[in-house]
$ cat final.pdb   # PDB, C-alpha atoms, pLDDT in the B column
ATOM      1  CA  MET A   1     102.733 114.740  89.253  1.00 39.00           C
ATOM      2  CA  LYS A   2     104.791 114.042  92.330  1.00 45.00           C
ATOM      3  CA  ILE A   3     104.767 110.366  93.268  1.00 48.00           C
ATOM      4  CA  VAL A   4     104.397 109.749  96.983  1.00 47.00           C
ATOM      5  CA  ASN A   5     105.566 106.381  98.270  1.00 51.00           C
ATOM      6  CA  SER A   6     102.597 106.189 100.595  1.00 53.00           C
ATOM      7  CA  LYS A   7     101.823 103.160 102.699  1.00 55.00           C
ATOM      8  CA  PHE A   8      98.639 102.073 104.387  1.00 54.00           C
ATOM      9  CA  PRO A   9      98.382 100.473 107.823  1.00 57.00           C
ATOM     10  CA  VAL A  10      98.399  96.691 107.633  1.00 54.00           C
ATOM     11  CA  ASN A  11      95.126  96.516 109.563  1.00 61.00           C
ATOM     12  CA  LYS A  12      93.350  98.064 106.563  1.00 82.00           C
ATOM     13  CA  PHE A  13      93.663  94.720 104.766  1.00 90.00           C
ATOM     14  CA  SER A  14      92.211  91.289 105.381  1.00 93.00           C
ATOM     15  CA  ASP A  15      94.675  88.488 106.133  1.00 94.00           C
ATOM     16  CA  GLU A  16      94.016  87.017 102.670  1.00 95.00           C
ATOM     17  CA  GLU A  17      94.621  90.321 100.905  1.00 97.00           C
ATOM     18  CA  TRP A  18      97.761  90.979 102.913  1.00 97.00           C
ATOM     19  CA  ARG A  19      99.236  87.611 101.876  1.00 97.00           C
ATOM     20  CA  VAL A  20      98.534  88.370  98.216  1.00 98.00           C
ATOM     21  CA  ARG A  21     100.000  91.854  98.598  1.00 98.00           C
ATOM     22  CA  GLN A  22     103.193  90.442 100.073  1.00 98.00           C
ATOM     23  CA  ASP A  23     103.461  87.860  97.307  1.00 98.00           C
ATOM     24  CA  LEU A  24     102.960  90.448  94.571  1.00 98.00           C
ATOM     25  CA  ALA A  25     105.405  92.882  96.185  1.00 98.00           C
ATOM     26  CA  ALA A  26     107.919  90.035  96.375  1.00 98.00           C
ATOM     27  CA  CYS A  27     107.408  89.432  92.661  1.00 98.00           C
ATOM     28  CA  TYR A  28     108.220  93.077  91.909  1.00 98.00           C
ATOM     29  CA  ARG A  29     111.492  92.685  93.831  1.00 98.00           C
ATOM     30  CA  LEU A  30     112.242  89.433  91.998  1.00 98.00           C
ATOM     31  CA  PHE A  31     111.884  91.317  88.712  1.00 98.00           C
ATOM     32  CA  VAL A  32     114.646  93.595  90.000  1.00 97.00           C
ATOM     33  CA  TYR A  33     116.798  90.652  91.082  1.00 97.00           C
ATOM     34  CA  TYR A  34     116.521  88.875  87.725  1.00 98.00           C
ATOM     35  CA  GLY A  35     116.956  92.040  85.662  1.00 97.00           C
ATOM     36  CA  TRP A  36     113.462  92.073  84.161  1.00 98.00           C
ATOM     37  CA  THR A  37     112.615  95.712  84.884  1.00 97.00           C
ATOM     38  CA  ASP A  38     112.104  98.567  82.408  1.00 96.00           C
ATOM     39  CA  LEU A  39     112.442 101.789  84.431  1.00 96.00           C
ATOM     40  CA  ILE A  40     108.910 102.521  85.759  1.00 95.00           C
ATOM     41  CA  PHE A  41     107.221 100.634  82.932  1.00 94.00           C
ATOM     42  CA  THR A  42     105.624  97.185  82.776  1.00 95.00           C
ATOM     43  CA  HIS A  43     103.345  96.023  85.543  1.00 96.00           C
ATOM     44  CA  LEU A  44     102.271  93.073  87.660  1.00 98.00           C
ATOM     45  CA  SER A  45      98.810  92.575  89.120  1.00 98.00           C
ATOM     46  CA  ALA A  46      96.888  90.293  91.454  1.00 98.00           C
ATOM     47  CA  ARG A  47      93.172  89.916  91.970  1.00 98.00           C
ATOM     48  CA  ILE A  48      91.828  90.847  95.408  1.00 98.00           C
ATOM     49  CA  PRO A  49      90.626  87.717  97.235  1.00 97.00           C
ATOM     50  CA  GLY A  50      86.855  87.751  97.509  1.00 95.00           C
ATOM     51  CA  HIS A  51      86.482  90.628  95.012  1.00 96.00           C
ATOM     52  CA  CYS A  52      86.611  89.298  91.465  1.00 95.00           C
ATOM     53  CA  ASP A  53      86.473  92.775  89.890  1.00 97.00           C
ATOM     54  CA  GLN A  54      89.272  94.391  91.915  1.00 98.00           C
ATOM     55  CA  TYR A  55      93.037  94.052  91.656  1.00 98.00           C
ATOM     56  CA  ILE A  56      96.288  95.527  92.975  1.00 98.00           C
ATOM     57  CA  ILE A  57      99.044  96.993  90.823  1.00 98.00           C
ATOM     58  CA  ASN A  58     102.138  99.179  91.228  1.00 97.00           C
ATOM     59  CA  PRO A  59     101.789 102.941  91.674  1.00 96.00           C
ATOM     60  CA  TYR A  60     102.827 104.455  88.341  1.00 95.00           C
ATOM     61  CA  GLY A  61     106.119 106.239  88.857  1.00 95.00           C
ATOM     62  CA  LEU A  62     107.730 103.977  91.451  1.00 96.00           C
ATOM     63  CA  LEU A  63     110.669 101.788  90.563  1.00 97.00           C
ATOM     64  CA  PHE A  64     109.999  98.115  91.196  1.00 97.00           C
ATOM     65  CA  SER A  65     112.588  98.261  93.994  1.00 97.00           C
ATOM     66  CA  GLU A  66     110.298 100.748  95.790  1.00 97.00           C
ATOM     67  CA  VAL A  67     107.147  98.631  95.665  1.00 97.00           C
ATOM     68  CA  THR A  68     105.945  97.198  98.976  1.00 97.00           C
ATOM     69  CA  ALA A  69     102.916  95.234 100.108  1.00 97.00           C
ATOM     70  CA  SER A  70     101.260  98.320 101.568  1.00 96.00           C
ATOM     71  CA  ASN A  71     101.866 100.823  98.754  1.00 96.00           C
ATOM     72  CA  LEU A  72     100.324  98.729  95.984  1.00 97.00           C
ATOM     73  CA  ILE A  73      97.188 100.489  94.793  1.00 97.00           C
ATOM     74  CA  LYS A  74      93.772  98.865  94.574  1.00 97.00           C
ATOM     75  CA  VAL A  75      91.757  99.450  91.396  1.00 97.00           C
ATOM     76  CA  ASP A  76      88.421  98.150  90.122  1.00 97.00           C
ATOM     77  CA  PHE A  77      87.724  96.987  86.582  1.00 95.00           C
ATOM     78  CA  ASP A  78      86.138 100.353  85.764  1.00 94.00           C
ATOM     79  CA  GLY A  79      89.418 102.101  86.500  1.00 94.00           C
ATOM     80  CA  ASN A  80      88.476 103.613  89.850  1.00 95.00           C
ATOM     81  CA  VAL A  81      91.292 103.768  92.403  1.00 96.00           C
ATOM     82  CA  LEU A  82      89.788 102.275  95.559  1.00 95.00           C
ATOM     83  CA  GLN A  83      92.859 102.552  97.738  1.00 92.00           C
ATOM     84  CA  GLY A  84      95.976 104.618  97.117  1.00 89.00           C
ATOM     85  CA  ASP A  85      96.851 108.180  96.209  1.00 84.00           C
ATOM     86  CA  CYS A  86      98.961 107.489  93.113  1.00 87.00           C
ATOM     87  CA  PRO A  87      97.977 106.961  89.476  1.00 91.00           C
ATOM     88  CA  TYR A  88      98.240 103.644  87.667  1.00 93.00           C
ATOM     89  CA  ASN A  89      99.583 102.976  84.199  1.00 91.00           C
ATOM     90  CA  SER A  90      96.562 103.142  81.875  1.00 90.00           C
ATOM     91  CA  ALA A  91      98.009 100.607  79.439  1.00 90.00           C
ATOM     92  CA  GLY A  92      98.620  98.309  82.391  1.00 92.00           C
ATOM     93  CA  HIS A  93      95.004  98.638  83.470  1.00 93.00           C
ATOM     94  CA  SER A  94      93.836  97.711  79.979  1.00 92.00           C
ATOM     95  CA  ILE A  95      96.131  94.691  79.702  1.00 93.00           C
ATOM     96  CA  HIS A  96      95.501  93.264  83.158  1.00 95.00           C
ATOM     97  CA  THR A  97      91.751  93.719  83.253  1.00 95.00           C
ATOM     98  CA  ALA A  98      91.462  92.192  79.775  1.00 94.00           C
ATOM     99  CA  ILE A  99      93.015  88.965  81.044  1.00 96.00           C
ATOM    100  CA  LEU A 100      91.363  88.973  84.478  1.00 97.00           C
ATOM    101  CA  LYS A 101      87.933  89.495  82.942  1.00 96.00           C
ATOM    102  CA  ALA A 102      88.409  86.766  80.346  1.00 96.00           C
ATOM    103  CA  ARG A 103      89.814  84.203  82.773  1.00 96.00           C
ATOM    104  CA  PRO A 104      88.046  84.012  86.151  1.00 97.00           C
ATOM    105  CA  GLU A 105      90.450  81.326  87.367  1.00 97.00           C
ATOM    106  CA  VAL A 106      93.459  83.588  86.785  1.00 98.00           C
ATOM    107  CA  ASN A 107      94.433  85.693  89.782  1.00 98.00           C
ATOM    108  CA  THR A 108      97.823  87.065  88.721  1.00 98.00           C
ATOM    109  CA  VAL A 109      99.069  88.669  85.515  1.00 98.00           C
ATOM    110  CA  LEU A 110     102.717  89.624  84.890  1.00 98.00           C
ATOM    111  CA  HIS A 111     103.963  91.686  81.934  1.00 97.00           C
ATOM    112  CA  SER A 112     107.616  92.191  80.979  1.00 98.00           C
ATOM    113  CA  HIS A 113     109.746  94.051  78.452  1.00 97.00           C
ATOM    114  CA  THR A 114     112.971  92.052  78.724  1.00 98.00           C
ATOM    115  CA  ARG A 115     115.621  92.074  76.014  1.00 98.00           C
ATOM    116  CA  ALA A 116     115.267  88.366  75.229  1.00 98.00           C
ATOM    117  CA  GLY A 117     111.477  88.389  75.518  1.00 98.00           C
ATOM    118  CA  MET A 118     111.148  91.347  73.186  1.00 98.00           C
ATOM    119  CA  ALA A 119     113.634  89.785  70.774  1.00 98.00           C
ATOM    120  CA  VAL A 120     111.630  86.567  70.455  1.00 98.00           C
ATOM    121  CA  SER A 121     108.406  88.590  70.222  1.00 98.00           C
ATOM    122  CA  CYS A 122     109.847  90.119  67.042  1.00 98.00           C
ATOM    123  CA  MET A 123     110.597  86.723  65.461  1.00 97.00           C
ATOM    124  CA  GLU A 124     108.062  85.372  62.993  1.00 96.00           C
ATOM    125  CA  CYS A 125     108.983  81.852  64.102  1.00 97.00           C
ATOM    126  CA  GLY A 126     107.877  82.526  67.657  1.00 97.00           C
ATOM    127  CA  LEU A 127     109.131  80.317  70.478  1.00 98.00           C
ATOM    128  CA  LEU A 128     111.095  77.394  69.045  1.00 97.00           C
ATOM    129  CA  PRO A 129     111.159  73.913  70.667  1.00 97.00           C
ATOM    130  CA  LEU A 130     114.908  74.066  71.310  1.00 96.00           C
ATOM    131  CA  THR A 131     115.243  73.378  75.016  1.00 96.00           C
ATOM    132  CA  GLN A 132     113.623  71.530  77.857  1.00 95.00           C
ATOM    133  CA  GLN A 133     112.305  74.810  79.247  1.00 97.00           C
ATOM    134  CA  ALA A 134     110.921  75.938  75.886  1.00 97.00           C
ATOM    135  CA  ASN A 135     109.062  72.674  75.510  1.00 97.00           C
ATOM    136  CA  GLU A 136     107.850  72.665  79.098  1.00 97.00           C
ATOM    137  CA  VAL A 137     105.866  75.838  78.397  1.00 97.00           C
ATOM    138  CA  GLY A 138     105.430  75.412  74.655  1.00 97.00           C
ATOM    139  CA  GLY A 139     101.936  74.005  75.032  1.00 97.00           C
ATOM    140  CA  ILE A 140     100.662  76.929  77.092  1.00 98.00           C
ATOM    141  CA  VAL A 141     101.978  79.789  74.933  1.00 98.00           C
ATOM    142  CA  CYS A 142      99.797  81.941  72.673  1.00 98.00           C
ATOM    143  CA  TYR A 143     100.483  85.013  70.544  1.00 97.00           C
ATOM    144  CA  HIS A 144      98.926  88.448  70.197  1.00 95.00           C
ATOM    145  CA  LYS A 145      99.384  90.746  67.214  1.00 93.00           C
ATOM    146  CA  TYR A 146     100.863  94.105  68.123  1.00 89.00           C
ATOM    147  CA  ASP A 147      98.626  97.076  68.664  1.00 80.00           C
ATOM    148  CA  VAL A 148      99.113 100.195  70.756  1.00 74.00           C
ATOM    149  CA  VAL A 149      97.584  99.319  74.108  1.00 67.00           C
ATOM    150  CA  THR A 150      95.246 102.050  75.275  1.00 60.00           C
ATOM    151  CA  ASP A 151      91.770 101.950  76.742  1.00 65.00           C
ATOM    152  CA  ASN A 152      90.455 100.714  73.385  1.00 74.00           C
ATOM    153  CA  PRO A 153      87.714  98.170  74.213  1.00 77.00           C
ATOM    154  CA  GLU A 154      88.334  96.284  70.965  1.00 82.00           C
ATOM    155  CA  GLU A 155      92.032  95.801  71.731  1.00 82.00           C
ATOM    156  CA  CYS A 156      91.164  94.613  75.246  1.00 81.00           C
ATOM    157  CA  ARG A 157      88.669  92.150  73.781  1.00 86.00           C
ATOM    158  CA  LYS A 158      91.321  90.799  71.414  1.00 92.00           C
ATOM    159  CA  LEU A 159      93.795  90.372  74.257  1.00 92.00           C
ATOM    160  CA  GLY A 160      91.361  88.255  76.244  1.00 93.00           C
ATOM    161  CA  GLU A 161      90.293  86.343  73.145  1.00 94.00           C
ATOM    162  CA  ASP A 162      93.867  85.583  72.075  1.00 95.00           C
ATOM    163  CA  MET A 163      94.767  84.419  75.568  1.00 96.00           C
ATOM    164  CA  GLY A 164      92.104  81.737  75.316  1.00 96.00           C
ATOM    165  CA  ASP A 165      92.948  78.915  77.701  1.00 96.00           C
ATOM    166  CA  LYS A 166      96.717  79.521  77.631  1.00 98.00           C
ATOM    167  CA  TRP A 167      98.903  80.777  80.464  1.00 98.00           C
ATOM    168  CA  LEU A 168     101.665  82.582  78.591  1.00 98.00           C
ATOM    169  CA  MET A 169     101.438  85.147  75.820  1.00 98.00           C
ATOM    170  CA  ILE A 170     104.114  86.427  73.483  1.00 98.00           C
ATOM    171  CA  MET A 171     102.903  89.886  72.531  1.00 96.00           C
ATOM    172  CA  ASN A 172     104.383  90.366  69.078  1.00 96.00           C
ATOM    173  CA  ASN A 173     106.928  93.202  68.821  1.00 95.00           C
ATOM    174  CA  HIS A 174     106.225  94.010  72.460  1.00 95.00           C
ATOM    175  CA  GLY A 175     107.089  91.537  75.209  1.00 97.00           C
ATOM    176  CA  LEU A 176     105.867  88.679  77.375  1.00 98.00           C
ATOM    177  CA  LEU A 177     102.846  88.091  79.587  1.00 98.00           C
ATOM    178  CA  ALA A 178     102.229  85.369  82.147  1.00 98.00           C
ATOM    179  CA  ALA A 179      99.077  84.373  83.998  1.00 98.00           C
ATOM    180  CA  GLY A 180      98.617  82.172  87.024  1.00 98.00           C
ATOM    181  CA  ARG A 181      96.189  81.072  89.681  1.00 98.00           C
ATOM    182  CA  THR A 182      98.749  82.312  92.187  1.00 98.00           C
ATOM    183  CA  VAL A 183     101.633  84.766  92.043  1.00 98.00           C
ATOM    184  CA  ALA A 184     103.972  81.785  92.392  1.00 98.00           C
ATOM    185  CA  GLU A 185     102.508  80.065  89.341  1.00 98.00           C
ATOM    186  CA  ALA A 186     102.649  83.136  87.103  1.00 98.00           C
ATOM    187  CA  PHE A 187     106.235  83.823  88.210  1.00 98.00           C
ATOM    188  CA  TYR A 188     107.323  80.257  87.460  1.00 98.00           C
ATOM    189  CA  TYR A 189     105.848  80.349  83.962  1.00 98.00           C
ATOM    190  CA  LEU A 190     107.426  83.701  83.173  1.00 98.00           C
ATOM    191  CA  TYR A 191     110.793  82.591  84.554  1.00 98.00           C
ATOM    192  CA  THR A 192     110.723  79.484  82.378  1.00 98.00           C
ATOM    193  CA  LEU A 193     109.662  81.347  79.230  1.00 98.00           C
ATOM    194  CA  GLU A 194     112.239  84.077  79.812  1.00 98.00           C
ATOM    195  CA  ASN A 195     115.038  81.505  80.064  1.00 98.00           C
ATOM    196  CA  ALA A 196     113.796  79.771  76.921  1.00 98.00           C
ATOM    197  CA  CYS A 197     113.850  83.103  75.067  1.00 98.00           C
ATOM    198  CA  LYS A 198     117.396  83.861  76.223  1.00 98.00           C
ATOM    199  CA  VAL A 199     118.681  80.530  74.948  1.00 98.00           C
ATOM    200  CA  GLN A 200     116.796  80.855  71.661  1.00 98.00           C
ATOM    201  CA  VAL A 201     118.381  84.244  70.992  1.00 98.00           C
ATOM    202  CA  ASP A 202     121.837  82.826  71.805  1.00 97.00           C
ATOM    203  CA  VAL A 203     121.389  79.739  69.625  1.00 97.00           C
ATOM    204  CA  MET A 204     120.087  81.690  66.655  1.00 96.00           C
ATOM    205  CA  ALA A 205     122.874  84.272  66.988  1.00 97.00           C
ATOM    206  CA  SER A 206     125.502  81.520  67.020  1.00 97.00           C
ATOM    207  CA  GLY A 207     124.485  80.279  63.591  1.00 95.00           C
ATOM    208  CA  ALA A 208     125.147  76.701  64.702  1.00 95.00           C
ATOM    209  CA  LYS A 209     123.059  73.884  63.305  1.00 94.00           C
ATOM    210  CA  GLN A 210     120.307  72.992  65.741  1.00 93.00           C
ATOM    211  CA  TRP A 211     119.384  69.565  67.075  1.00 93.00           C
ATOM    212  CA  ALA A 212     115.733  68.710  66.458  1.00 90.00           C
ATOM    213  CA  LEU A 213     113.863  66.924  69.249  1.00 92.00           C
ATOM    214  CA  GLU A 214     111.567  64.008  68.514  1.00 94.00           C
ATOM    215  CA  ALA A 215     107.883  64.962  68.396  1.00 95.00           C
ATOM    216  CA  SER A 216     107.153  62.467  71.178  1.00 95.00           C
ATOM    217  CA  VAL A 217     109.680  64.187  73.441  1.00 94.00           C
ATOM    218  CA  VAL A 218     108.197  67.609  72.713  1.00 95.00           C
ATOM    219  CA  LYS A 219     104.709  66.314  73.536  1.00 95.00           C
ATOM    220  CA  ALA A 220     105.895  64.680  76.758  1.00 95.00           C
ATOM    221  CA  LEU A 221     107.457  67.952  77.896  1.00 95.00           C
ATOM    222  CA  ASN A 222     104.348  69.911  76.891  1.00 95.00           C
ATOM    223  CA  ASP A 223     102.245  67.510  78.947  1.00 94.00           C
ATOM    224  CA  TYR A 224     104.616  67.820  81.908  1.00 93.00           C
ATOM    225  CA  GLY A 225     104.389  71.616  81.866  1.00 93.00           C
ATOM    226  CA  ALA A 226     100.594  71.803  81.567  1.00 93.00           C
ATOM    227  CA  PRO A 227      99.001  73.311  84.695  1.00 94.00           C
ATOM    228  CA  PRO A 228      97.606  70.502  86.868  1.00 93.00           C
ATOM    229  CA  GLN A 229      94.202  70.659  88.498  1.00 93.00           C
ATOM    230  CA  PRO A 230      93.033  71.878  90.884  1.00 93.00           C
ATOM    231  CA  ALA A 231      96.140  73.761  92.065  1.00 93.00           C
ATOM    232  CA  PRO A 232      99.630  74.708  90.845  1.00 95.00           C
ATOM    233  CA  ALA A 233     102.234  71.956  90.644  1.00 94.00           C
ATOM    234  CA  ASP A 234     104.233  71.099  93.742  1.00 95.00           C
ATOM    235  CA  PHE A 235     107.502  72.110  92.047  1.00 95.00           C
ATOM    236  CA  VAL A 236     106.015  75.547  91.334  1.00 97.00           C
ATOM    237  CA  THR A 237     105.254  76.102  95.020  1.00 96.00           C
ATOM    238  CA  ARG A 238     108.641  74.743  96.104  1.00 97.00           C
ATOM    239  CA  SER A 239     110.436  77.028  93.642  1.00 97.00           C
ATOM    240  CA  TRP A 240     108.506  80.031  94.958  1.00 98.00           C
ATOM    241  CA  ASP A 241     109.303  79.146  98.576  1.00 98.00           C
ATOM    242  CA  ALA A 242     112.985  78.967  97.632  1.00 98.00           C
ATOM    243  CA  VAL A 243     113.128  82.396  95.973  1.00 98.00           C
ATOM    244  CA  ILE A 244     111.182  83.907  98.885  1.00 98.00           C
ATOM    245  CA  ARG A 245     113.806  82.561 101.298  1.00 98.00           C
ATOM    246  CA  MET A 246     116.471  84.219  99.154  1.00 97.00           C
ATOM    247  CA  LEU A 247     114.519  87.478  99.005  1.00 97.00           C
ATOM    248  CA  ASP A 248     113.936  87.509 102.761  1.00 97.00           C
ATOM    249  CA  GLN A 249     117.692  87.335 103.274  1.00 96.00           C
ATOM    250  CA  GLN A 250     118.574  89.988 100.708  1.00 94.00           C
ATOM    251  CA  ASP A 251     115.632  92.386 100.379  1.00 90.00           C
ATOM    252  CA  PRO A 252     112.897  91.883 103.012  1.00 95.00           C
ATOM    253  CA  ALA A 253     111.568  95.458 102.698  1.00 95.00           C
ATOM    254  CA  TYR A 254     108.921  94.257 100.239  1.00 96.00           C
ATOM    255  CA  LYS A 255     106.933  92.903 103.199  1.00 96.00           C
ATOM    256  CA  GLN A 256     106.225  96.351 104.651  1.00 94.00           C
TER
END
$ encode --input "final.pdb" --output "structure tokens"
Amino acid sequence: MKIVNSKFPVNKFSDEEWRVRQDLAACYRLFVYYGWTDLIFTHLSARIPGHCDQYIINPYGLLFSEVTASNLIKVDFDGNVLQGDCPYNSAGHSIHTAILKARPEVNTVLHSHTRAGMAVSCMECGLLPLTQQANEVGGIVCYHKYDVVTDNPEECRKLGEDMGDKWLMIMNNHGLLAAGRTVAEAFYYLYTLENACKVQVDVMASGAKQWALEASVVKALNDYGAPPQPAPADFVTRSWDAVIRMLDQQDPAYKQ
């Protein structure tokens, strides 16, 4: 099937939806910037404001560098494309709707196949409490046993069940997944986990003896990284604003 990089007029979207579209499109470009892409595979989604059973996702076949605010496709939880003339990745639909259905407060889901993330997903030990970043997110990480992701309702149920009340998932032998109330929050969690995975792979490959942190320090960092209520932490929003300023200077086409 030929993929058409079609765009819809901005006036087809509410102001709230357009802001979410721009944020999600920015996140696709940030995946490119940080080297988190996997050809046309993996996927990022955001719930449509005011429509709890609808979300936007990348057109299947576009590189992440081609994704813009207006060419993201709108899909409902039943798999119907509501806006857009491109297909979506069926595995992506299964993964994202599983989390969005299970967690009404979650509005963004990000899934990656990075080298470090996949490496740690293959380790029986899981994420180790080696670094400040690992411990910052250590309390919000869960695990999901590998299965081929299709439209299998049972697998989708397990995904949502395993996510529980956590915000990050290491999908064994597969990759990473991050959830957030905003695109900014999900991006921050994934960024932090990805860095923790990179360092873990490096430390374990070095063969050097590891320092062990005191349990009280690990707990303090876990507590620090726990999502505050009722909104994302101030440092999450500030970090997002900073990377958006960078993106606007280097790659502003995502806004279109």
$ residues_near_point --input "final.pdb" --point "(110.4, 81.9, 90.7)" --cutoff "10 Å" --atoms "all atoms listed in the file" --output "list in words"
Cys27, Leu30, Phe31, Tyr34, Val183, Ala184, Glu185, Ala186, Phe187, Tyr188, Tyr189, Leu190, Tyr191, Thr192, Val236, Thr237, Arg238, Ser239, Trp240, Asp241, Ala242, Val243 and Ile244 of chain A
$ closest_residue --input "final.pdb" --among "A:Val106, A:Leu213, A:Ile99, A:Ala116" --to "Leu159 in chain A" --atoms "all atoms listed in the file"
A:Ile99
$ residues_around --input "final.pdb" --residues "range 111-114 of chain A" --least-positions-apart "2" --cutoff "6 Å" --atoms "all atoms listed in the file" --output "PyMOL selection string"
chain A and resi 36+42-43+116-118+175-177
$ write_last_selection --input "final.pdb" --atoms "C-alpha atoms" --output "PDB file, in the frame of the given file"
ATOM      1  CA  TRP A  36     113.462  92.073  84.161  1.00 98.00           C
ATOM      2  CA  THR A  42     105.624  97.185  82.776  1.00 95.00           C
ATOM      3  CA  HIS A  43     103.345  96.023  85.543  1.00 96.00           C
ATOM      4  CA  ALA A 116     115.267  88.366  75.229  1.00 98.00           C
ATOM      5  CA  GLY A 117     111.477  88.389  75.518  1.00 98.00           C
ATOM      6  CA  MET A 118     111.148  91.347  73.186  1.00 98.00           C
ATOM      7  CA  GLY A 175     107.089  91.537  75.209  1.00 97.00           C
ATOM      8  CA  LEU A 176     105.867  88.679  77.375  1.00 98.00           C
ATOM      9  CA  LEU A 177     102.846  88.091  79.587  1.00 98.00           C
TER      10      LEU A 177
END
$ resolve_selection --input "final.pdb" --expression "the PyMOL selection byres ((chain A and resi 163) around 9)" --output "MDAnalysis selection string"
chainID A and resid 99 102:103 141:144 158:162 164:169
$ residues_around --input "final.pdb" --residues "range 130-137 of chain A" --least-positions-apart "3" --cutoff "8 Å" --atoms "only C-alpha atoms" --output "short mmCIF file (atom, residue, chain, number, x, y, z; two decimals) with C-alpha atoms, in the coordinates of the input"
data_model
loop_
_atom_site.label_atom_id
_atom_site.label_comp_id
_atom_site.auth_asym_id
_atom_site.auth_seq_id
_atom_site.Cartn_x
_atom_site.Cartn_y
_atom_site.Cartn_z
CA LEU A 127 109.13 80.32 70.48
CA ILE A 140 100.66 76.93 77.09
CA VAL A 141 101.98 79.79 74.93
CA LEU A 168 101.66 82.58 78.59
CA TYR A 189 105.85 80.35 83.96
CA THR A 192 110.72 79.48 82.38
CA LEU A 193 109.66 81.35 79.23
CA ASN A 195 115.04 81.50 80.06
CA ALA A 196 113.80 79.77 76.92
CA CYS A 197 113.85 83.10 75.07
CA VAL A 199 118.68 80.53 74.95
CA GLN A 200 116.80 80.86 71.66
CA GLN A 210 120.31 72.99 65.74
CA TRP A 211 119.38 69.56 67.08
CA ALA A 212 115.73 68.71 66.46
CA LEU A 213 113.86 66.92 69.25
CA VAL A 218 108.20 67.61 72.71
CA LYS A 219 104.71 66.31 73.54
CA LEU A 221 107.46 67.95 77.90
CA ASN A 222 104.35 69.91 76.89
CA ASP A 223 102.24 67.51 78.95
CA TYR A 224 104.62 67.82 81.91
CA GLY A 225 104.39 71.62 81.87
CA ALA A 226 100.59 71.80 81.57
#
$ closest_residue --input "final.pdb" --among "A:Lys209, A:Arg29, A:Lys145, A:Arg245" --to "Glu66 in chain A" --atoms "only C-alpha atoms"
A:Arg29
$ atom_distance --input "final.pdb" --atom1 "CA of Arg181 in chain A" --atom2 "CA of Val109 in chain A"
9.1 Å
$ resolve_selection --input "final.pdb" --expression "the PyMOL selection byres ((chain A and resi 73) around 7)" --output "compact mmCIF listing (two decimals) with C-alpha atoms, in the frame of the given file"
# COMPACT_ATOMS: atom_id res chain seq x y z
CA ILE A 56 96.29 95.53 92.98
CA ILE A 57 99.04 96.99 90.82
CA ASN A 58 102.14 99.18 91.23
CA PRO A 59 101.79 102.94 91.67
CA ASN A 71 101.87 100.82 98.75
CA LEU A 72 100.32 98.73 95.98
CA LYS A 74 93.77 98.86 94.57
CA VAL A 75 91.76 99.45 91.40
CA GLN A 83 92.86 102.55 97.74
CA GLY A 84 95.98 104.62 97.12
$ closest_residue --input "final.pdb" --among "A:Thr97, A:Ser70, A:Asn107, A:Asn172" --to "Trp18 in chain A" --atoms "all atoms listed in the file"
A:Ser70
$ atom_distance --input "final.pdb" --atom1 "CA of Asp85 in chain A" --atom2 "CA of Thr182 in chain A"
26.2 Å
$ decode --input "final.pdb" --residues "range 239-253 of chain A" --atoms "C-alpha atoms" --output "compact mmCIF listing (two decimals), in the first residue's frame"
# COMPACT_ATOMS: atom_id res chain seq x y z
CA SER A 239 12.43 19.70 30.96
CA TRP A 240 9.77 19.42 28.25
CA ASP A 241 9.78 23.18 27.64
CA ALA A 242 13.56 23.02 27.23
CA VAL A 243 13.54 20.23 24.63
CA ILE A 244 10.72 21.96 22.75
CA ARG A 245 12.85 25.11 22.52
CA MET A 246 15.65 22.99 21.09
CA LEU A 247 13.29 21.27 18.65
CA ASP A 248 11.80 24.58 17.50
CA GLN A 249 15.29 25.75 16.57
CA GLN A 250 16.34 22.55 14.81
CA ASP A 251 13.22 20.84 13.45
CA PRO A 252 10.03 22.96 13.69
CA ALA A 253 8.26 21.08 10.86
